[in-house]
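Asks: Right, I'll just put the structure down here and ask away after.
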Amino acid sequence: MLMDTTREIEELQNELWMKRSIKERAEFMFGMFATARRVMIASLPKNLSEKELKQQIYFRTYGEHLPEDFFKNDNE
């Protein structure tokens with residue numbers, strides 16, 4: 001794997017990251033997840049039904065399809 005960060009800089013980044021509180025680290029990661037989710041949703045076709053949108057979000061997030069019975073209570 002090609003690395004563009006020197007070992008010293010990587011260690012410094014890790015040291016600075018670990019100095020943050022657990023709350024700060026969690027908030028940062030939640031923010032990254034939310035941003036990635038918005039980008040993913042923006043890349044989907046705009047004309048999807050709610051069911052299709054949920055299926056696509058799940059597939060792109062977890063890399064597998066929703067179970068067939070997930071929407072068993074829907075009248076579609």
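Following the order of the structure tokens, first chain is A, next is B, and so on, with residues numbered from 1 inside each chain and ligands from 1 in the order they appear.
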Neighbours of Leu66 of chain A within 9 Å (only C-alpha atoms; same-chain residues fewer than 5 positions away dropped), as a list in words?

Replies: Lys54, Gln55, Tyr58 and Phe59 of chain A

Asks: Hey, what's within 9 Å of segment 25-42 of chain A if we count only C-alpha atoms and toss same-chain stuff fewer than 3 positions away? As a list in words, please?

Replies: Trp17, Met18, Arg20, Ser21, Ile22, Pro45, Lys46, Leu53, Gln56, Ile57, Arg60 and Thr61 of chain A

Asks: Once DSSP has gone over the backbone, tell me which residues of chain A are in helix (DSSP H, G or I), as a PyMOL selection string.

Replies: chain A and resi 7-19+22-42+50-62+68-71

Asks: Compare A:Glu24, A:Glu8, A:Leu44, A:Lys51 by their minimum atom-to-atom distance to Phe70 of chain A, counting only C-alpha atoms, and give me the closest one.

Replies: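 For Phe70 of chain A, the nearest of the given residues is A:Lys51.
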
Asks: Could you tell me how far atom CA of Asn73 of chain A lies from atom CA of Asn47 of chain A, in Å and to one decimal?

Replies: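 So the answer is 22.8 Å.
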